[in-house]
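Quick look at entry.cif (mmCIF, C-alpha atoms):
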```cif
data_protein
#
loop_
_atom_site.label_atom_id
_atom_site.label_comp_id
_atom_site.auth_asym_id
_atom_site.auth_seq_id
_atom_site.Cartn_x
_atom_site.Cartn_y
_atom_site.Cartn_z
CA MET A 1 -16.78 13.04 -11.15
CA SER A 2 -14.59 14.19 -8.28
CA GLN A 3 -17.65 15.29 -6.32
CA ASP A 4 -18.39 11.60 -5.97
CA LEU A 5 -15.13 11.01 -4.11
CA HIS A 6 -15.23 10.63 -0.37
CA THR A 7 -12.39 10.25 2.08
CA ARG A 8 -12.09 7.07 4.04
CA LYS A 9 -9.31 5.55 6.11
CA LEU A 10 -7.02 2.71 5.18
CA LEU A 11 -5.54 0.93 8.17
CA THR A 12 -2.43 -1.07 7.34
CA VAL A 13 -0.94 -3.52 9.82
CA ILE A 14 2.35 -5.37 9.35
CA CYS A 15 2.96 -8.18 11.82
CA GLU A 16 3.93 -11.80 12.35
CA ALA A 17 2.07 -14.17 10.04
CA GLY A 18 0.86 -16.22 12.98
CA LEU A 19 -1.43 -13.43 14.12
CA GLU A 20 -3.70 -13.51 11.08
CA GLU A 21 -6.61 -15.46 12.53
CA GLU A 22 -6.60 -13.63 15.81
CA LEU A 23 -6.49 -10.26 14.09
CA ALA A 24 -9.31 -11.24 11.75
CA ALA A 25 -11.52 -11.91 14.75
CA ASP A 26 -10.46 -8.68 16.40
CA PHE A 27 -11.15 -6.68 13.25
CA ALA A 28 -14.62 -8.17 12.86
CA ALA A 29 -15.38 -7.45 16.49
CA GLY A 30 -14.14 -3.89 16.01
CA GLY A 31 -16.49 -3.15 13.16
CA ALA A 32 -14.41 -3.90 10.06
CA CYS A 33 -16.44 -5.18 7.14
CA GLY A 34 -13.50 -7.08 5.70
CA TYR A 35 -9.78 -7.08 5.23
CA THR A 36 -7.11 -7.90 2.67
CA VAL A 37 -3.95 -9.84 3.47
CA THR A 38 -0.73 -10.12 1.52
CA ASP A 39 2.23 -12.24 2.55
CA ALA A 40 5.33 -10.25 3.27
CA ARG A 41 8.77 -10.53 4.70
CA GLY A 42 10.54 -7.95 6.68
CA GLN A 43 13.63 -7.07 8.49
CA GLY A 44 13.79 -4.78 11.42
CA ALA A 45 16.38 -3.65 13.88
CA HIS A 46 15.57 -4.85 17.35
CA GLY A 47 16.97 -2.94 20.24
CA HIS A 48 17.92 0.62 19.59
CA ARG A 49 19.59 0.96 16.25
CA ASP A 50 22.13 -1.57 17.43
CA GLY A 51 22.51 -3.19 14.10
CA SER A 52 21.05 -6.56 15.02
CA TRP A 53 18.51 -7.51 12.42
CA SER A 54 15.94 -10.22 12.42
CA SER A 55 13.65 -11.45 9.71
CA GLY A 56 10.61 -13.65 9.42
CA ALA A 57 7.32 -14.37 7.77
CA ASN A 58 5.08 -11.35 8.05
CA ILE A 59 1.70 -10.40 6.77
CA ARG A 60 0.42 -7.05 5.64
CA ILE A 61 -3.25 -6.51 6.41
CA GLU A 62 -5.39 -3.69 5.10
CA VAL A 63 -8.77 -2.58 6.33
CA LEU A 64 -10.77 0.10 4.52
CA CYS A 65 -13.20 1.75 6.88
CA ASP A 66 -14.49 5.00 8.26
CA GLU A 67 -12.41 7.10 10.64
CA PRO A 68 -14.01 6.06 13.95
CA THR A 69 -13.56 2.40 13.06
CA ALA A 70 -9.93 2.95 12.05
CA LEU A 71 -9.12 4.76 15.28
CA GLY A 72 -10.89 2.13 17.33
CA LEU A 73 -8.97 -0.66 15.64
CA LEU A 74 -5.69 1.17 16.09
CA GLU A 75 -6.41 1.61 19.79
CA MET A 76 -7.28 -2.07 20.07
CA LEU A 77 -4.03 -3.05 18.38
CA ALA A 78 -2.00 -0.83 20.66
CA THR A 79 -3.67 -2.22 23.75
CA ARG A 80 -3.53 -5.88 22.83
CA TYR A 81 -0.44 -6.30 20.70
CA PHE A 82 2.08 -3.50 20.71
CA ALA A 83 3.79 -4.51 23.94
CA ASP A 84 4.24 -8.17 23.10
CA TYR A 85 4.43 -8.53 19.35
CA TYR A 86 6.28 -7.18 16.39
CA MET A 87 3.65 -4.94 14.84
CA VAL A 88 3.59 -1.76 12.80
CA ALA A 89 0.27 -0.06 12.18
CA PHE A 90 -0.52 3.10 10.28
CA VAL A 91 -3.54 4.89 8.88
CA SER A 92 -3.77 6.85 5.64
CA ASP A 93 -6.42 8.84 3.83
CA VAL A 94 -7.86 7.37 0.68
CA ALA A 95 -10.60 8.51 -1.65
CA VAL A 96 -13.33 6.11 -2.68
CA LEU A 97 -15.97 6.52 -5.31
CA ARG A 98 -18.91 4.98 -3.60
CA PRO A 99 -18.55 5.30 0.16
CA GLY A 100 -21.43 3.00 0.93
CA LYS A 101 -19.99 0.14 -1.05
CA PHE A 102 -17.56 -1.19 1.49
CA GLN A 103 -20.30 -1.32 4.10
CA SER A 104 -22.04 -4.15 2.31
CA VAL A 105 -19.28 -5.69 0.22
CA ALA A 106 -16.17 -5.66 2.29
CA ASN A 107 -12.69 -4.56 1.49
CA MET B 1 15.21 18.40 -2.35
CA SER B 2 11.57 18.64 -1.43
CA GLN B 3 10.95 21.14 -4.22
CA ASP B 4 11.52 18.21 -6.57
CA LEU B 5 8.56 16.35 -5.13
CA HIS B 6 5.33 16.32 -7.07
CA THR B 7 1.98 14.87 -6.16
CA ARG B 8 0.58 12.04 -8.19
CA LYS B 9 -2.24 9.58 -7.63
CA LEU B 10 -1.97 5.96 -6.66
CA LEU B 11 -5.00 3.92 -7.63
CA THR B 12 -5.33 0.67 -5.69
CA VAL B 13 -7.80 -1.99 -6.72
CA ILE B 14 -8.54 -5.16 -4.75
CA CYS B 15 -10.57 -7.77 -6.60
CA GLU B 16 -10.92 -11.39 -7.65
CA ALA B 17 -7.71 -12.83 -9.07
CA GLY B 18 -9.48 -13.88 -12.25
CA LEU B 19 -9.93 -10.30 -13.34
CA GLU B 20 -6.21 -9.55 -13.76
CA GLU B 21 -5.95 -9.86 -17.53
CA GLU B 22 -9.15 -8.02 -18.22
CA LEU B 23 -8.16 -5.18 -15.89
CA ALA B 24 -4.73 -4.96 -17.46
CA ALA B 25 -6.31 -4.34 -20.83
CA ASP B 26 -8.73 -1.83 -19.35
CA PHE B 27 -5.93 0.03 -17.60
CA ALA B 28 -3.86 0.24 -20.76
CA ALA B 29 -6.87 1.49 -22.71
CA GLY B 30 -7.51 4.06 -19.98
CA GLY B 31 -4.06 5.59 -20.19
CA ALA B 32 -2.10 3.76 -17.49
CA CYS B 33 1.57 3.33 -18.28
CA GLY B 34 1.85 0.20 -16.17
CA TYR B 35 0.65 -1.51 -13.05
CA THR B 36 1.89 -3.62 -10.17
CA VAL B 37 0.10 -6.72 -8.91
CA THR B 38 0.46 -8.57 -5.63
CA ASP B 39 -1.42 -11.72 -4.73
CA ALA B 40 -3.71 -11.29 -1.77
CA ARG B 41 -6.44 -13.00 0.13
CA GLY B 42 -9.35 -11.36 1.75
CA GLN B 43 -12.43 -11.84 3.70
CA GLY B 44 -15.45 -9.68 3.51
CA ALA B 45 -18.90 -9.68 4.94
CA HIS B 46 -21.49 -10.09 2.25
CA GLY B 47 -24.93 -8.80 2.91
CA HIS B 48 -25.23 -6.16 5.55
CA ARG B 49 -22.98 -6.91 8.47
CA ASP B 50 -24.80 -10.20 8.82
CA GLY B 51 -21.79 -12.12 9.85
CA SER B 52 -21.53 -14.34 6.79
CA TRP B 53 -17.98 -14.22 5.55
CA SER B 54 -16.48 -15.42 2.34
CA SER B 55 -12.88 -15.63 1.26
CA GLY B 56 -10.99 -16.25 -1.93
CA ALA B 57 -7.95 -15.52 -4.04
CA ASN B 58 -7.68 -11.82 -4.61
CA ILE B 59 -5.22 -9.53 -6.26
CA ARG B 60 -4.15 -6.06 -5.29
CA ILE B 61 -3.32 -3.87 -8.27
CA GLU B 62 -1.65 -0.49 -8.11
CA VAL B 63 -1.44 2.12 -10.82
CA LEU B 64 0.64 5.27 -10.42
CA CYS B 65 -0.65 8.01 -12.66
CA ASP B 66 -1.82 11.58 -12.88
CA GLU B 67 -5.13 12.68 -11.43
CA PRO B 68 -7.22 12.70 -14.63
CA THR B 69 -6.07 9.18 -15.46
CA ALA B 70 -6.85 7.96 -11.94
CA LEU B 71 -10.33 9.44 -12.00
CA GLY B 72 -10.99 8.06 -15.45
CA LEU B 73 -9.90 4.58 -14.40
CA LEU B 74 -12.02 4.75 -11.25
CA GLU B 75 -15.04 5.74 -13.30
CA MET B 76 -14.36 2.88 -15.70
CA LEU B 77 -14.13 0.41 -12.82
CA ALA B 78 -17.39 1.62 -11.32
CA THR B 79 -19.17 1.37 -14.63
CA ARG B 80 -17.87 -2.02 -15.69
CA TYR B 81 -17.27 -3.95 -12.49
CA PHE B 82 -18.81 -2.59 -9.29
CA ALA B 83 -22.26 -4.03 -9.88
CA ASP B 84 -21.17 -7.55 -10.74
CA TYR B 85 -17.86 -8.21 -9.03
CA TYR B 86 -16.23 -8.06 -5.66
CA MET B 87 -14.04 -4.98 -6.04
CA VAL B 88 -12.69 -2.28 -3.79
CA ALA B 89 -10.94 0.70 -5.36
CA PHE B 90 -9.39 3.72 -3.75
CA VAL B 91 -7.09 6.58 -4.69
CA SER B 92 -4.41 8.19 -2.54
CA ASP B 93 -1.96 11.04 -2.93
CA VAL B 94 1.69 10.14 -3.25
CA ALA B 95 4.78 12.23 -3.83
CA VAL B 96 7.25 11.28 -6.52
CA LEU B 97 10.67 12.66 -7.18
CA ARG B 98 10.66 12.75 -10.92
CA PRO B 99 7.14 13.12 -12.22
CA GLY B 100 8.08 12.43 -15.78
CA LYS B 101 9.63 9.09 -15.03
CA PHE B 102 6.50 7.01 -14.87
CA GLN B 103 5.42 8.32 -18.22
CA SER B 104 8.18 6.44 -19.98
CA VAL B 105 9.04 3.68 -17.53
CA ALA B 106 5.83 2.49 -16.04
CA ASN B 107 4.89 1.68 -12.53
CA MET C 1 -7.22 9.24 20.85
CA SER C 2 -6.53 11.22 17.71
CA GLN C 3 -4.19 13.53 19.60
CA ASP C 4 -1.90 10.51 19.84
CA LEU C 5 -1.60 10.30 16.06
CA HIS C 6 1.51 11.60 14.43
CA THR C 7 2.36 11.88 10.77
CA ARG C 8 5.20 9.85 9.39
CA LYS C 9 6.29 8.99 5.87
CA LEU C 10 5.86 5.71 4.07
CA LEU C 11 8.36 5.19 1.27
CA THR C 12 7.26 2.59 -1.28
CA VAL C 13 9.65 1.27 -3.89
CA ILE C 14 8.69 -1.08 -6.72
CA CYS C 15 11.60 -2.60 -8.59
CA GLU C 16 13.24 -5.74 -9.96
CA ALA C 17 13.31 -8.57 -7.44
CA GLY C 18 17.06 -8.94 -7.84
CA LEU C 19 17.70 -5.62 -6.13
CA GLU C 20 16.35 -6.67 -2.73
CA GLU C 21 19.62 -7.34 -0.93
CA GLU C 22 21.34 -4.30 -2.32
CA LEU C 23 18.44 -2.05 -1.37
CA ALA C 24 18.29 -3.52 2.11
CA ALA C 25 21.88 -2.50 2.67
CA ASP C 26 21.25 0.94 1.20
CA PHE C 27 18.19 1.46 3.39
CA ALA C 28 20.07 0.48 6.53
CA ALA C 29 22.91 2.82 5.61
CA GLY C 30 20.39 5.59 4.98
CA GLY C 31 18.84 5.36 8.42
CA ALA C 32 15.87 3.05 7.93
CA CYS C 33 15.05 0.95 10.97
CA GLY C 34 13.52 -1.81 8.87
CA TYR C 35 11.53 -2.57 5.79
CA THR C 36 8.74 -4.80 4.52
CA VAL C 37 8.87 -6.66 1.22
CA THR C 38 6.07 -8.24 -0.78
CA ASP C 39 6.56 -10.11 -4.02
CA ALA C 40 4.88 -8.49 -6.96
CA ARG C 41 4.62 -8.64 -10.69
CA GLY C 42 4.20 -5.76 -13.00
CA GLN C 43 3.88 -4.64 -16.48
CA GLY C 44 5.08 -1.37 -17.80
CA ALA C 45 5.41 0.31 -21.11
CA HIS C 46 9.03 0.86 -22.02
CA GLY C 47 9.87 3.60 -24.38
CA HIS C 48 7.39 6.39 -24.69
CA ARG C 49 3.89 5.05 -24.67
CA ASP C 50 4.83 2.92 -27.64
CA GLY C 51 2.72 0.02 -26.63
CA SER C 52 5.54 -2.44 -26.01
CA TRP C 53 5.02 -4.05 -22.64
CA SER C 54 7.35 -6.10 -20.56
CA SER C 55 6.78 -8.00 -17.37
CA GLY C 56 8.87 -9.63 -14.71
CA ALA C 57 9.36 -10.49 -11.08
CA ASN C 58 9.19 -7.37 -9.00
CA ILE C 59 9.24 -6.57 -5.35
CA ARG C 60 7.39 -3.89 -3.44
CA ILE C 61 9.36 -2.53 -0.51
CA GLU C 62 7.98 -0.26 2.19
CA VAL C 63 9.91 1.76 4.72
CA LEU C 64 8.16 3.64 7.50
CA CYS C 65 10.30 6.51 8.70
CA ASP C 66 10.47 10.20 9.46
CA GLU C 67 10.47 12.77 6.68
CA PRO C 68 14.22 13.51 6.52
CA THR C 69 14.99 9.81 6.27
CA ALA C 70 12.37 9.32 3.54
CA LEU C 71 13.71 12.21 1.50
CA GLY C 72 17.28 11.03 1.95
CA LEU C 73 16.39 7.51 0.81
CA LEU C 74 14.50 8.85 -2.19
CA GLU C 75 17.48 10.95 -3.17
CA MET C 76 19.75 7.92 -2.80
CA LEU C 77 17.45 5.84 -5.00
CA ALA C 78 17.35 8.50 -7.68
CA THR C 79 21.11 8.84 -7.70
CA ARG C 80 21.98 5.17 -7.65
CA TYR C 81 19.17 3.41 -9.48
CA PHE C 82 16.80 5.52 -11.52
CA ALA C 83 19.04 5.77 -14.58
CA ASP C 84 19.86 2.08 -14.85
CA TYR C 85 17.00 0.11 -13.35
CA TYR C 86 13.26 -0.25 -13.55
CA MET C 87 12.20 1.47 -10.34
CA VAL C 88 9.20 3.43 -9.14
CA ALA C 89 9.40 5.17 -5.78
CA PHE C 90 6.84 7.28 -4.00
CA VAL C 91 6.24 8.72 -0.55
CA SER C 92 2.94 9.09 1.26
CA ASP C 93 1.77 10.49 4.57
CA VAL C 94 0.62 8.01 7.16
CA ALA C 95 -0.53 8.44 10.74
CA VAL C 96 0.94 6.28 13.47
CA LEU C 97 -0.14 5.91 17.04
CA ARG C 98 3.17 5.75 18.77
CA PRO C 99 5.79 7.58 16.77
CA GLY C 100 8.66 6.30 18.83
CA LYS C 101 7.82 2.70 18.24
CA PHE C 102 9.38 2.27 14.84
CA GLN C 103 12.64 3.66 16.06
CA SER C 104 13.27 0.63 18.21
CA VAL C 105 11.14 -2.04 16.57
CA ALA C 106 11.38 -1.58 12.88
CA ASN C 107 8.76 -1.59 10.21
#
```
What would the structure in this file look like if it were written as structure tokens?
Amino acid sequence: MSQDLHTRKLLTVICEAGLEEELAADFAAGGACGYTVTDARGQGAHGHRDGSWSSGANIRIEVLCDEPTALGLLEMLATRYFADYYMVAFVSDVAVLRPGKFQSVAN
Amino acid sequence: MSQDLHTRKLLTVICEAGLEEELAADFAAGGACGYTVTDARGQGAHGHRDGSWSSGANIRIEVLCDEPTALGLLEMLATRYFADYYMVAFVSDVAVLRPGKFQSVAN
Amino acid sequence: MSQDLHTRKLLTVICEAGLEEELAADFAAGGACGYTVTDARGQGAHGHRDGSWSSGANIRIEVLCDEPTALGLLEMLATRYFADYYMVAFVSDVAVLRPGKFQSVAN
């Protein structure tokens, strides 16, 4: 069966909950076929390891897509959000069974 | 310490919330020692990038297991669910410290 | 753009919800710049595949960090928690665009 596995990219974004709608529009414009959101909470040190922590309502968004789309979305996030918003974004490799699936039925 | 790290598989499934009980039974039958569920919401384009979006209550299920189990579960999902349900499933490599642990105390 | 990608580690811990505060303190002491928590539920077989399942309120905590920090936190978890608590911990490789970011603004 493993010959049916194909590598795709999973883009995960953790950010303020208030950005959900705006990001959804950006993801659609950037070629994502869908996304999955879970509510999260986080704490992070602001400033440089100075021990001051803040917390708030976050969301965790995942987009399963091909590599060019993932890199394009990451670039978009960096350009539009990194300077002004709390946001962490990372990409990982995942294996999917039917690579065409998430092009018609979204993640 | 890194010599104590071993690679295992993490199977992640995103689907309709109503499938949780049925999937739990399928996972147990397929050799999973446990699973973790988070509530999620998602939007996906149905049809072929035609811009029609739908949303609904989803769940995100994770199963930590060995490779044969992960591949068997993925095959089971494809056979039983892919044709009739909204479902995205992917497998990633993760490193665990004590590989035997999740055989007695489940993920 | 891909030359701007750097590999970091994502530590994921799934455990009893009651451990959140204690783990937050341990993560900060171990060098984590922040963490993200999502509420989860899980079922796992206790004992050795004996078919008895238990469930409860869990949390899923993620820490994005460099490799030494991830390994140190994993070691800490194993030493302090694995024997006495339900806990699953795993580390995966993720690619980030700006590796310095999560040193000042935490995950």
Inset, instruction - Do a neighbour search on segment 56-60 of chain B at 7 Å with only C-alpha atoms, toss out local chain neighbours closer than 4 positions, and write the hits as a PyMOL selection string. - result: chain B and resi 12-17+37-42
Inset, instruction - Using all atoms listed in the file, determine which residues of chain A fall within 8 Å of chain C; present them as a ChimeraX atom specification. - result: /A:14,38-49,71,74-75,78,86-93
Legend entry - Separation of atom CA of Thr69 of chain B from atom CA of Phe82 of chain C, in Å and rounded to one decimal: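 These atoms are spaced 23.5 Å apart.
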Legend entry - Separation of atom CA of Gly30 of chain C from atom CA of Met76 of chain C in Å: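 Separating atom CA of Met76 of chain C from atom CA of Gly30 of chain C is a distance of 8.1 Å.
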Inset, instruction - Please indicate the distance in Å from atom CA of Glu67 of chain B to atom CA of Phe27 of chain B, rounded to one decimal place. - result: 14.1 Å
Legend entry - Nearest residue to Ala29 of chain A from the set A:Asp84, A:Cys65, A:Leu73, A:Thr79 (distances using all atoms listed in the file): A:Leu73
